[in-house]
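Source file: work_3.cif; contents: mmCIF, C-alpha atoms and all ligand atoms.
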data_upload
loop_
_atom_site.label_atom_id
_atom_site.label_comp_id
_atom_site.auth_asym_id
_atom_site.auth_seq_id
_atom_site.Cartn_x
_atom_site.Cartn_y
_atom_site.Cartn_z
CA MET A 19 -30.69 14.80 2.16
CA THR A 20 -27.10 14.25 1.16
CA GLU A 21 -25.54 10.84 1.37
CA PRO A 22 -22.82 10.57 4.00
CA ILE A 23 -19.44 10.61 2.31
CA THR A 24 -17.00 7.97 3.40
CA LEU A 25 -13.59 6.84 2.38
CA PRO A 26 -13.51 4.01 -0.14
CA ASP A 27 -14.17 0.59 1.33
CA PHE A 28 -10.61 -0.63 1.43
CA GLU A 29 -10.00 -4.28 1.97
CA ARG A 30 -7.71 -4.24 4.94
CA PHE A 31 -4.65 -6.39 5.36
CA GLY A 32 -1.27 -5.89 6.96
CA ASP A 33 -1.58 -6.04 10.73
CA GLN A 34 -5.28 -6.75 10.30
CA THR A 35 -4.65 -9.98 8.43
CA PHE A 36 -6.40 -12.03 11.08
CA LYS A 37 -9.93 -10.92 11.56
CA GLY A 38 -9.73 -11.76 15.24
CA LEU A 39 -6.39 -10.11 15.80
CA GLU A 40 -7.46 -6.61 16.61
CA SER A 41 -4.51 -4.33 17.08
CA PRO A 42 -5.76 -1.27 18.93
CA GLU A 43 -2.42 0.47 18.86
CA GLU A 44 -2.52 4.19 19.00
CA ALA A 45 -1.54 5.65 15.69
CA THR A 46 0.69 8.19 17.33
CA ALA A 47 3.70 7.88 15.09
CA ALA A 48 1.49 8.09 12.06
CA THR A 49 -0.06 11.40 12.94
CA GLN A 50 1.37 14.09 10.79
CA SER A 51 0.47 16.51 8.11
CA LEU A 52 1.20 14.90 4.80
CA LEU A 53 -0.13 17.91 3.02
CA GLN A 54 2.87 19.81 4.28
CA ASP A 55 6.29 19.06 3.05
CA ASP A 56 7.85 17.60 6.17
CA ARG A 57 8.02 13.98 5.29
CA ASN A 58 11.41 13.08 6.62
CA TYR A 59 10.59 11.12 9.70
CA GLY A 60 10.95 7.49 10.66
CA GLU A 61 13.70 5.22 9.54
CA PRO A 62 13.36 3.46 6.23
CA SER A 63 13.15 -0.25 6.88
CA ILE A 64 13.75 -1.60 3.42
CA ALA A 65 15.76 -0.75 0.38
CA ASP A 66 15.80 2.66 -1.26
CA PRO A 67 13.04 3.40 -3.76
CA GLY A 68 13.59 1.62 -7.04
CA GLU A 69 15.92 -0.93 -5.55
CA THR A 70 15.13 -4.58 -5.68
CA HIS A 71 17.21 -5.80 -2.75
CA LEU A 72 16.00 -5.70 0.80
CA THR A 73 16.85 -7.09 4.19
CA LEU A 74 14.09 -9.02 5.88
CA GLU A 75 13.42 -8.72 9.57
CA ARG A 76 13.66 -12.45 10.32
CA GLY A 77 14.34 -14.26 7.05
CA ILE A 78 14.80 -18.03 6.82
CA CYS A 79 16.90 -20.34 8.98
CA ARG A 80 19.19 -22.93 7.44
CA GLU A 81 21.27 -25.15 9.74
CA GLY A 82 21.17 -22.64 12.54
CA THR A 83 21.97 -19.57 10.44
CA TRP A 84 19.46 -16.87 9.54
CA TYR A 85 19.47 -15.55 5.99
CA ARG A 86 17.79 -12.18 5.52
CA ASP A 87 18.75 -10.93 2.09
CA ALA A 88 15.93 -10.94 -0.42
CA GLU A 89 15.52 -9.80 -3.98
CA VAL A 90 12.29 -8.77 -5.63
CA LYS A 91 11.55 -7.78 -9.21
CA GLU A 92 9.34 -5.42 -11.14
CA LEU A 93 6.10 -7.16 -12.10
CA THR A 94 5.38 -7.60 -15.81
CA GLY A 95 2.16 -8.03 -17.74
CA ALA A 96 2.60 -11.81 -17.54
CA ASP A 97 2.83 -11.54 -13.75
CA GLU A 98 -0.21 -9.31 -13.70
CA GLU A 99 -2.22 -11.93 -15.61
CA ALA A 100 -1.03 -14.72 -13.31
CA ILE A 101 -1.88 -12.72 -10.22
CA ALA A 102 -5.28 -11.73 -11.57
CA SER A 103 -6.15 -15.38 -12.16
CA ALA A 104 -4.90 -16.49 -8.74
CA GLY A 105 -8.27 -16.11 -7.12
CA SER A 106 -10.52 -13.60 -5.51
CA THR A 107 -9.37 -13.63 -1.90
CA SER A 108 -6.72 -11.22 -0.77
CA TYR A 109 -4.73 -14.13 0.64
CA ARG A 110 -4.48 -15.81 -2.76
CA VAL A 111 -3.56 -12.57 -4.45
CA PHE A 112 -0.96 -11.94 -1.77
CA GLU A 113 0.50 -15.41 -2.22
CA ALA A 114 0.62 -14.99 -6.00
CA LEU A 115 2.36 -11.64 -5.59
CA LEU A 116 5.03 -13.26 -3.43
CA LEU A 117 5.58 -16.15 -5.83
CA ARG A 118 5.74 -13.93 -8.93
CA GLY A 119 7.49 -10.91 -7.46
CA VAL A 120 10.16 -12.40 -5.20
CA HIS A 121 13.30 -13.73 -6.86
CA THR A 122 15.23 -15.05 -3.91
CA VAL A 123 15.22 -15.27 -0.14
CA GLY A 124 18.64 -15.99 1.27
CA ASN A 125 20.26 -17.60 -1.74
CA GLU A 126 17.24 -19.73 -2.53
CA PRO A 127 14.73 -19.17 -5.30
CA MET A 128 11.30 -18.24 -3.96
CA THR A 129 8.93 -21.19 -3.46
CA ARG A 130 5.61 -21.83 -1.75
CA ARG A 131 7.53 -23.54 1.03
CA ILE A 132 9.63 -20.45 1.68
CA ALA A 133 6.57 -18.22 1.49
CA ALA A 134 4.95 -20.42 4.15
CA GLU A 135 8.05 -20.30 6.31
CA LEU A 136 8.37 -16.52 6.45
CA LEU A 137 6.96 -14.39 9.22
CA ILE A 138 3.82 -12.55 8.21
CA GLY A 139 5.75 -9.30 8.63
CA ASP A 140 8.49 -10.41 6.26
CA ARG A 141 5.87 -11.35 3.69
CA GLU A 142 4.49 -7.85 3.99
CA TYR A 143 7.93 -6.25 3.64
CA LEU A 144 8.39 -8.27 0.46
CA VAL A 145 5.06 -7.19 -0.98
CA MET A 146 5.88 -3.58 -0.18
CA ALA A 147 9.23 -3.99 -1.96
CA ILE A 148 7.52 -5.55 -5.01
CA ARG A 149 5.16 -2.61 -5.09
CA ARG A 150 8.07 -0.18 -4.92
CA ALA A 151 9.95 -2.01 -7.68
CA THR A 152 6.85 -2.01 -9.87
CA PHE A 153 5.16 1.35 -9.30
CA GLY A 154 7.70 3.36 -7.31
CA ASN A 155 7.65 4.70 -3.80
CA ASP A 156 4.67 7.05 -3.89
CA LEU A 157 1.06 6.08 -3.28
CA GLU A 158 -1.16 8.57 -5.03
CA PHE A 159 -4.69 9.27 -3.91
CA GLU A 160 -6.95 11.48 -5.99
CA ALA A 161 -10.17 13.16 -4.89
CA LEU A 162 -10.32 11.26 -1.64
CA PRO A 163 -13.30 12.61 0.34
CA CYS A 164 -12.33 13.80 3.83
CA PRO A 165 -14.76 12.04 6.21
CA HIS A 166 -14.87 15.14 8.45
CA CYS A 167 -15.32 18.09 6.08
CA GLU A 168 -16.15 16.29 2.80
CA GLU A 169 -13.55 18.23 0.84
CA LEU A 170 -11.87 16.13 -1.84
CA VAL A 171 -8.20 15.63 -1.08
CA ASP A 172 -5.33 14.77 -3.38
CA LEU A 173 -2.63 13.06 -1.42
CA THR A 174 0.76 11.52 -2.08
CA VAL A 175 1.95 9.07 0.54
CA PRO A 176 5.55 7.89 0.26
CA LEU A 177 5.72 4.23 1.28
CA ASP A 178 8.60 5.21 3.57
CA ASP A 179 6.08 7.10 5.71
CA ILE A 180 4.08 3.98 6.57
CA PRO A 181 4.81 3.14 10.21
CA VAL A 182 6.73 -0.09 10.69
CA THR A 183 7.20 -2.35 13.68
CA ARG A 184 10.63 -3.90 14.20
CA LEU A 185 11.71 -6.87 16.29
CA ASP A 186 13.95 -5.94 19.22
CA ASP A 187 16.05 -9.01 18.50
CA ALA A 188 15.61 -10.47 15.01
CA GLU A 189 16.85 -13.89 16.13
CA GLN A 190 14.52 -14.24 19.10
CA THR A 191 12.02 -16.89 18.07
CA GLU A 192 10.21 -17.44 21.40
CA PHE A 193 8.61 -14.81 23.59
CA ASP A 194 7.24 -14.91 27.13
CA VAL A 195 3.83 -13.36 27.69
CA PRO A 196 2.52 -12.83 31.25
CA LEU A 197 -1.01 -14.13 31.76
CA ARG A 198 -3.44 -13.99 34.66
CA ARG A 199 -2.73 -15.85 37.91
CA GLN A 200 1.05 -15.48 37.49
CA ALA A 201 1.11 -17.86 34.55
CA VAL A 202 3.51 -17.18 31.67
CA ALA A 203 2.97 -18.36 28.10
CA THR A 204 5.81 -18.95 25.66
CA VAL A 205 4.79 -18.13 22.10
CA ARG A 206 6.24 -17.89 18.62
CA LEU A 207 5.14 -15.40 15.98
CA PRO A 208 2.78 -16.49 13.16
CA THR A 209 4.15 -17.32 9.71
CA GLY A 210 2.61 -17.62 6.28
CA GLU A 211 1.77 -21.24 7.05
CA ASP A 212 -0.17 -20.21 10.17
CA GLN A 213 -1.94 -17.51 8.22
CA ALA A 214 -3.03 -20.05 5.59
CA ALA A 215 -4.35 -22.39 8.28
CA VAL A 216 -6.37 -19.61 9.86
CA LEU A 217 -7.84 -18.48 6.57
CA ALA A 218 -8.71 -22.09 5.67
CA ILE A 219 -11.36 -21.95 8.40
CA LYS A 220 -14.17 -21.30 6.03
CA ASP A 221 -17.13 -20.32 8.10
CA GLY A 222 -15.56 -17.03 9.09
CA ASN A 223 -15.88 -17.89 12.77
CA THR A 224 -13.45 -15.46 14.37
CA ALA A 225 -13.26 -17.37 17.64
CA LYS A 226 -12.31 -20.54 15.76
CA GLN A 227 -9.68 -18.62 13.81
CA ASP A 228 -8.31 -17.23 17.06
CA SER A 229 -8.20 -20.76 18.49
CA GLU A 230 -6.30 -21.97 15.43
CA ILE A 231 -3.61 -19.32 15.71
CA LEU A 232 -3.28 -19.82 19.46
CA SER A 233 -3.08 -23.60 19.10
CA ARG A 234 -0.25 -23.15 16.64
CA CYS A 235 1.67 -20.34 18.29
CA VAL A 236 1.37 -20.96 22.05
CA LEU A 237 4.16 -23.43 22.77
CA ARG A 238 3.72 -23.86 26.52
CA ILE A 239 2.38 -22.25 29.66
CA ARG A 240 4.19 -22.18 33.00
CA HIS A 241 1.77 -21.99 35.88
CA ALA A 242 2.30 -20.29 39.24
CA ASP A 243 2.71 -23.69 40.94
CA GLY A 244 5.70 -24.45 38.71
CA SER A 245 3.95 -26.94 36.45
CA THR A 246 4.05 -26.58 32.67
CA THR A 247 1.41 -27.35 30.05
CA LYS A 248 2.84 -27.98 26.60
CA ARG A 249 0.75 -26.98 23.61
CA PRO A 250 -2.37 -26.10 25.63
CA PRO A 251 -5.60 -26.47 23.63
CA ALA A 252 -6.65 -22.91 22.85
CA THR A 253 -10.20 -23.64 23.92
CA THR A 254 -9.00 -24.24 27.47
CA LEU A 255 -7.46 -20.77 27.77
CA SER A 256 -9.52 -18.10 29.48
CA MET A 257 -11.04 -15.42 27.29
CA SER A 258 -8.85 -12.87 29.01
CA ASP A 259 -5.65 -14.82 28.37
CA ARG A 260 -6.64 -15.43 24.75
CA LYS A 261 -7.10 -11.71 24.28
CA THR A 262 -3.74 -10.96 25.89
CA LEU A 263 -1.99 -13.53 23.69
CA LEU A 264 -3.63 -12.40 20.45
CA LYS A 265 -2.78 -8.80 21.18
CA PHE A 266 0.83 -9.74 21.87
CA LEU A 267 1.08 -11.68 18.59
CA ALA A 268 -0.42 -8.81 16.62
CA ASP A 269 1.62 -6.07 18.31
CA THR A 270 4.95 -7.93 18.17
CA GLN A 271 4.74 -9.14 14.57
CA PRO A 272 7.12 -6.92 12.62
CA GLY A 273 6.23 -5.24 9.38
CA PRO A 274 4.41 -2.29 7.88
CA ARG A 275 1.38 -1.01 9.80
CA TYR A 276 -0.79 0.28 7.00
CA GLY A 277 -3.75 0.38 9.35
CA ASP A 278 -2.00 2.87 11.62
CA PHE A 279 -1.49 5.39 8.90
CA SER A 280 -3.28 8.69 9.19
CA PHE A 281 -2.83 12.32 8.22
CA VAL A 282 -4.12 15.67 9.42
CA HIS A 283 -6.30 17.36 6.87
CA GLU A 284 -5.15 20.99 6.72
CA THR A 285 -8.53 22.43 5.81
CA CYS A 286 -10.47 21.06 8.77
CA GLY A 287 -7.60 20.16 11.10
CA GLU A 288 -9.02 16.69 11.66
CA GLU A 289 -7.07 13.47 11.65
CA VAL A 290 -8.01 11.15 8.81
CA THR A 291 -7.12 7.49 8.90
CA LEU A 292 -6.15 6.12 5.55
CA PRO A 293 -6.35 2.35 5.46
CA ILE A 294 -4.26 1.02 2.63
CA SER A 295 -5.01 -2.28 0.91
CA LEU A 296 -3.45 -4.55 -1.66
CA ALA A 297 -5.72 -2.93 -4.22
CA THR A 298 -4.41 0.51 -3.27
CA LEU A 299 -0.80 -0.66 -3.44
CA PHE A 300 -1.15 -2.44 -6.76
CA ARG A 301 -3.72 -0.21 -8.40
CA GLY A 302 -6.55 -2.64 -8.52
CA VAL A 303 -5.14 -6.16 -8.51
ZN ZN A 401 -11.22 17.58 6.30
#
Have the structure of the file written as structure tokens, please.
Amino acid sequence: MTEPITLPDFERFGDQTFKGLESPEEATAATQSLLQDDRNYGEPSIADPGETHLTLERGICREGTWYRDAEVKELTGADEEAIASAGSTSYRVFEALLLRGVHTVGNEPMTRRIAAELLIGDREYLVMAIRRATFGNDLEFEALPCPHCEELVDLTVPLDDIPVTRLDDAEQTEFDVPLRRQAVATVRLPTGEDQAAVLAIKDGNTAKQDSEILSRCVLRIRHADGSTTKRPPATTLSMSDRKTLLKFLADTQPGPRYGDFSFVHETCGEEVTLPISLATLFRGV
């Protein structure tokens, strides 16, 4: 009996950063044949390959003004050593990548405080830009087993082909989300600081992690009777409303959607999802 062949066990991140934040978006935009040569779709969201400057989606706010310019650098061996010793969780590696690989955000040198302040999506744009500055624009896969026909596939994925989500209005910091019983929640999008708080919940209890993110990001709820609850405890929200809110936060967060990437394998005609991880991007960090 032959062993079932599966894709490598990628450690997911990107829009899947929160375990509880499932993002069941259809991967429509991602469906394409990468084995053919028609790769010119989508709009590039960050700087040209090889460039170290990029424009963030939200950036940082200083005295009422948003600053979006950022500069990254090519990682060196010293950076590699620092990142490798940062710890074993993907969050720590991610944080180390940001601190080593980002020069400036706005006109300020990168710090932990700025990393905490940035939207999760901006952090991911930065990491993608660091990757591009360090290893170039192409992700190379060799002898990747197709889960449908088991043929080994060599694949080059330009980072520009990864689907991205944009904010409709980069300066909109609060969003209304309709809930059940004509209630409306006002939320903000999670930042690096929120992400750290969620991941600090050690026992891996997804419901507790969900509660943490909701407690931080739901600012108020207006009820049908006109009353308002400020900062509602997440445990008092109905399961249905929690699900609605978490989905909104995951879907609206800008940034690359590595998890939505897929290609059509020419040989068997089947769609293959290709989850991409930090390890894939940085060749084994
Ligand atoms: Zn196949």
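The closest residue to Gly210 (chain A), picked from A:Glu113, A:Arg249, A:Gly154, A:Gly287 and counting all atoms listed in the file, is A:Glu113.
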Determine, for each residue of chain A having at least one atom at most 12 Å from an atom of ligand ZN 401 (chain A), the closest pair of atoms and their separation in Å to one decimal, counting only C-alpha atoms and all ligand atoms; order by chain and ascending number, as CSV.
residue,atom,partner,partner_atom,distance
A:Ile23,CA,A:ZN401,ZN,11.5
A:Thr24,CA,A:ZN401,ZN,11.6
A:Leu25,CA,A:ZN401,ZN,11.7
A:Ser51,CA,A:ZN401,ZN,11.9
A:Leu53,CA,A:ZN401,ZN,11.6
A:Leu162,CA,A:ZN401,ZN,10.2
A:Pro163,CA,A:ZN401,ZN,8.0
A:Cys164,CA,A:ZN401,ZN,4.6
A:Pro165,CA,A:ZN401,ZN,6.6
A:His166,CA,A:ZN401,ZN,4.9
A:Cys167,CA,A:ZN401,ZN,4.1
A:Glu168,CA,A:ZN401,ZN,6.2
A:Glu169,CA,A:ZN401,ZN,6.0
A:Leu170,CA,A:ZN401,ZN,8.3
A:Val171,CA,A:ZN401,ZN,8.2
A:Asp172,CA,A:ZN401,ZN,11.7
A:Phe281,CA,A:ZN401,ZN,10.1
A:Val282,CA,A:ZN401,ZN,8.0
A:His283,CA,A:ZN401,ZN,5.0
A:Glu284,CA,A:ZN401,ZN,7.0
A:Thr285,CA,A:ZN401,ZN,5.6
A:Cys286,CA,A:ZN401,ZN,4.3
A:Gly287,CA,A:ZN401,ZN,6.5
A:Glu288,CA,A:ZN401,ZN,5.9
A:Glu289,CA,A:ZN401,ZN,7.9
A:Val290,CA,A:ZN401,ZN,7.6
A:Thr291,CA,A:ZN401,ZN,11.2
Return as lines of an AutoDock Vina configuration file the centre and edge lengths, in Å with one decimal, of the box along x, y and z that encloses every atom of region 200-206 of chain A in the file, padded by 3 Å per side.
center_x = 3.6
center_y = -17.2
center_z = 28.1
size_x = 11.2
size_y = 9.5
size_z = 24.9
Task: Residue contacts of Ala201 (chain A) (6 Å, all atoms listed in the file) excluding same-chain residues fewer than 2 positions away, as a VMD selection string - done: chain A and resid 197 to 199 240 to 242
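One distance worth recording is that between CA of Ile101 (chain A) and CA of Asn223 (chain A), which is 27.4 Å.
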Open item on the list: Counting only C-alpha atoms, which residue out of A:Leu93, A:Ala225, A:Val205, A:Ala147 sits closest to Leu177 (chain A)?
Closed with: A:Ala147
Atoms are missing here; could region 222-246 of chain A be completed with N, CA and C atoms and written as an mmCIF file, in the frame of the given file?
data_model
loop_
_atom_site.group_PDB
_atom_site.id
_atom_site.type_symbol
_atom_site.label_atom_id
_atom_site.label_comp_id
_atom_site.auth_asym_id
_atom_site.auth_seq_id
_atom_site.Cartn_x
_atom_site.Cartn_y
_atom_site.Cartn_z
ATOM 1 N N GLY A 222 -15.747 -18.403 8.645
ATOM 2 C CA GLY A 222 -15.560 -17.030 9.090
ATOM 3 C C GLY A 222 -15.781 -16.847 10.586
ATOM 4 N N ASN A 223 -15.697 -17.954 11.321
ATOM 5 C CA ASN A 223 -15.880 -17.890 12.770
ATOM 6 C C ASN A 223 -14.589 -17.359 13.411
ATOM 7 N N THR A 224 -14.645 -16.114 13.867
ATOM 8 C CA THR A 224 -13.450 -15.460 14.370
ATOM 9 C C THR A 224 -12.867 -16.172 15.584
ATOM 10 N N ALA A 225 -13.749 -16.671 16.451
ATOM 11 C CA ALA A 225 -13.260 -17.370 17.640
ATOM 12 C C ALA A 225 -12.503 -18.629 17.252
ATOM 13 N N LYS A 226 -13.012 -19.330 16.231
ATOM 14 C CA LYS A 226 -12.310 -20.540 15.760
ATOM 15 C C LYS A 226 -10.963 -20.172 15.146
ATOM 16 N N GLN A 227 -10.940 -19.075 14.407
ATOM 17 C CA GLN A 227 -9.680 -18.620 13.810
ATOM 18 C C GLN A 227 -8.679 -18.246 14.900
ATOM 19 N N ASP A 228 -9.185 -17.575 15.928
ATOM 20 C CA ASP A 228 -8.310 -17.230 17.060
ATOM 21 C C ASP A 228 -7.748 -18.499 17.704
ATOM 22 N N SER A 229 -8.634 -19.502 17.879
ATOM 23 C CA SER A 229 -8.200 -20.760 18.490
ATOM 24 C C SER A 229 -7.114 -21.413 17.646
ATOM 25 N N GLU A 230 -7.275 -21.354 16.333
ATOM 26 C CA GLU A 230 -6.300 -21.970 15.430
ATOM 27 C C GLU A 230 -4.927 -21.308 15.608
ATOM 28 N N ILE A 231 -4.908 -20.009 15.611
ATOM 29 C CA ILE A 231 -3.610 -19.320 15.710
ATOM 30 C C ILE A 231 -2.990 -19.556 17.084
ATOM 31 N N LEU A 232 -3.821 -19.592 18.115
ATOM 32 C CA LEU A 232 -3.280 -19.820 19.460
ATOM 33 C C LEU A 232 -2.782 -21.259 19.603
ATOM 34 N N SER A 233 -3.524 -22.206 19.033
ATOM 35 C CA SER A 233 -3.080 -23.600 19.100
ATOM 36 C C SER A 233 -1.732 -23.781 18.417
ATOM 37 N N ARG A 234 -1.505 -23.021 17.390
ATOM 38 C CA ARG A 234 -0.250 -23.150 16.640
ATOM 39 C C ARG A 234 0.890 -22.389 17.294
ATOM 40 N N CYS A 235 0.592 -21.245 17.864
ATOM 41 C CA CYS A 235 1.670 -20.340 18.290
ATOM 42 C C CYS A 235 1.964 -20.345 19.794
ATOM 43 N N VAL A 236 1.057 -20.870 20.625
ATOM 44 C CA VAL A 236 1.370 -20.960 22.050
ATOM 45 C C VAL A 236 2.079 -22.294 22.289
ATOM 46 N N LEU A 237 3.346 -22.220 22.645
ATOM 47 C CA LEU A 237 4.160 -23.430 22.770
ATOM 48 C C LEU A 237 3.993 -24.096 24.126
ATOM 49 N N ARG A 238 3.917 -23.305 25.174
ATOM 50 C CA ARG A 238 3.720 -23.860 26.520
ATOM 51 C C ARG A 238 3.314 -22.759 27.480
ATOM 52 N N ILE A 239 2.752 -23.195 28.599
ATOM 53 C CA ILE A 239 2.380 -22.250 29.660
ATOM 54 C C ILE A 239 2.966 -22.759 30.969
ATOM 55 N N ARG A 240 3.702 -21.867 31.649
ATOM 56 C CA ARG A 240 4.190 -22.180 33.000
ATOM 57 C C ARG A 240 3.219 -21.603 34.000
ATOM 58 N N HIS A 241 2.751 -22.452 34.904
ATOM 59 C CA HIS A 241 1.770 -21.990 35.880
ATOM 60 C C HIS A 241 2.463 -21.543 37.160
ATOM 61 N N ALA A 242 1.719 -20.836 38.003
ATOM 62 C CA ALA A 242 2.300 -20.290 39.240
ATOM 63 C C ALA A 242 2.841 -21.398 40.135
ATOM 64 N N ASP A 243 2.240 -22.590 40.078
ATOM 65 C CA ASP A 243 2.710 -23.690 40.940
ATOM 66 C C ASP A 243 3.949 -24.391 40.375
ATOM 67 N N GLY A 244 4.475 -23.878 39.263
ATOM 68 C CA GLY A 244 5.700 -24.450 38.710
ATOM 69 C C GLY A 244 5.464 -25.490 37.638
ATOM 70 N N SER A 245 4.223 -25.933 37.472
ATOM 71 C CA SER A 245 3.950 -26.940 36.450
ATOM 72 C C SER A 245 3.886 -26.277 35.061
ATOM 73 N N THR A 246 4.065 -27.102 34.054
ATOM 74 C CA THR A 246 4.050 -26.580 32.670
ATOM 75 C C THR A 246 3.076 -27.375 31.832
#
